[in-house]
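Below is one structure, written out as structure tokens; comments come after it.
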Amino acid sequence: MAEQVATNITWHDGTVTRHERAACLQQTGATVWFTGLSASGKSTIAVAVEQVLIQRGHAAYRLDGDNIRMGLNKNLGFSAEDRTENIRRIGEVSKLFADAGVLCLSSFISPYAADRDAARALHDEAGIPFIECYVEVDLAIAEERDPKGLYKKARAGEIKGFTGIDDPYEAPANAELVINTGTMSLEASVAAVLACLEGRDLLT
Ligand code: ADP
């Protein structure tokens with residue numbers, strides 16, 4: 001985990017409470033954290049959920065693995081160390097969005113349980129809802145979909161350290177939501193996410 005490097009810094013509190021912010025925005029922020037193998041359907045589901053939330057008048061925003069790697073995390077690769085730093089930063093950014101009152105939809109393979117747990121802990125410490133959504137799929141189905149041709153490359157040895165092939169994916173043990181996209185339609189998956197948010201009074 002990253003160490004605090006800077007010294008002589010002091011947290012500067014604001015005067016607006018989260019409650020006041022929620023009243024202003026008429027919603028409570030939260031993070032929905034989609035985790036799963038590449039091609040499991042994380043981004044597809046998050047895109048559809050974001051569309052529905054916005055149509056219903058909720059502030060929602062997606063953070064997506066490849067997109068973030070083109071900006072904030074462009075200096076990170078796929079070593080275990082870089083994957084951990086990637087998720088650490090995204091955990092922090094998700095928390096900021098959720099703290100701001102937004103329904104933050106974070107789609108990241110996030111293969112290591114410890115990294116996801118660290119993102120959860122950040123939210124827990126701040127009292128911000130964190131919903132881990134395990135987008136489950138058999139590797140064979142993900143490989144068959146292969147929308148970006150990455151599994152093919154990984155099997156051919158052209159990509160090293162690919163999750164599910166030669167890098168581990170540690171499935172969540174206690175996810176708030178499990179969606180199996182091998183058996184559930186996209187519509188059913190979106191409905192399950194919305195029901196989960198509704199069940200936590202996050203869509204009132
Ligand atoms: P990830 O973000 O997990 O890497 P993507 O959403 O980019 O995955 O890709 C998933 C692929 O699987 C897409 O091409 C999508 O159309 C397809 N797919 C097939 N069935 C489903 C489903 N039930 N839910 C989500 N995606 C599905």
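Ligands are numbered from 1 in the order shown, chains are lettered A, B, ... in the order of the structure tokens, and residues start at 1 in each chain.
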
Name the residues in contact with region 42-56 of chain A at a cut-off of 10 Å, using only C-alpha atoms, excluding same-chain residues fewer than 6 positions from it; report them as a PyMOL selection string.
chain A and resi 32-36+62-66+103-109+133-136+179+181+185-194+203

Members of region 105-142 of chain A assigned strand (DSSP E) by DSSP, as a PyMOL selection string:
chain A and resi 105-107+130-136

Practice problem: Do a neighbour search on Asp166 (chain A) at 12 Å with only C-alpha atoms, toss out local chain neighbours closer than 2 positions, and write the hits as a ChimeraX atom specification. | Solution: /A:78-79,151,154-164,168-169

Selection near Gly29 (chain A), 9 Å with only C-alpha atoms, sequence-local residues under 3 positions removed, as an NGL selection string:
:A and (22 or 59-60 or 97-104 or 128-129 or 202)

In terms of only C-alpha atoms, the residue from A:Glu85, A:Asp146, A:Glu176, A:Asp167 at minimal distance from Phe130 (chain A) is A:Glu176

Residue with the minimum atom-to-atom distance to ligand 1, picked from A:Ser40, A:Thr204, A:Thr183, A:Asn73 with only C-alpha atoms and all ligand atoms counted, is A:Ser40

- For atom 24 (N, counted along the ligand's line) of ligand 1 and CA of Arg145 (chain A), the interatomic separation in Å (one decimal):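 Straight-line distance from atom 24 (N, counted along the ligand's line) of ligand 1 to CA of Arg145 (chain A) works out to 10.7 Å.
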
**OP:** Could you give me, as number ranges by chain, the residues within 10 Å of region 112-122 of chain A, counting only C-alpha atoms and dropping anything in the same chain fewer than 6 positions from it?
**Re:** A: 1, 31, 33, 35, 80, 83-95, 128-132, 168-173

TODO: Write down as a PyMOL selection string the residues belonging to region 49-132 of chain A that are assigned alpha helix (DSSP H) by DSSP computed on the backbone.
DONE: chain A and resi 49-55+65-69+80-99+113-126

Separation of atom 3 (O, counted along the ligand's line) of ligand 1 from CA of Ala142 (chain A) in Å:
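Going from CA of Ala142 (chain A) over to atom 3 (O, counted along the ligand's line) of ligand 1 covers 8.5 Å.
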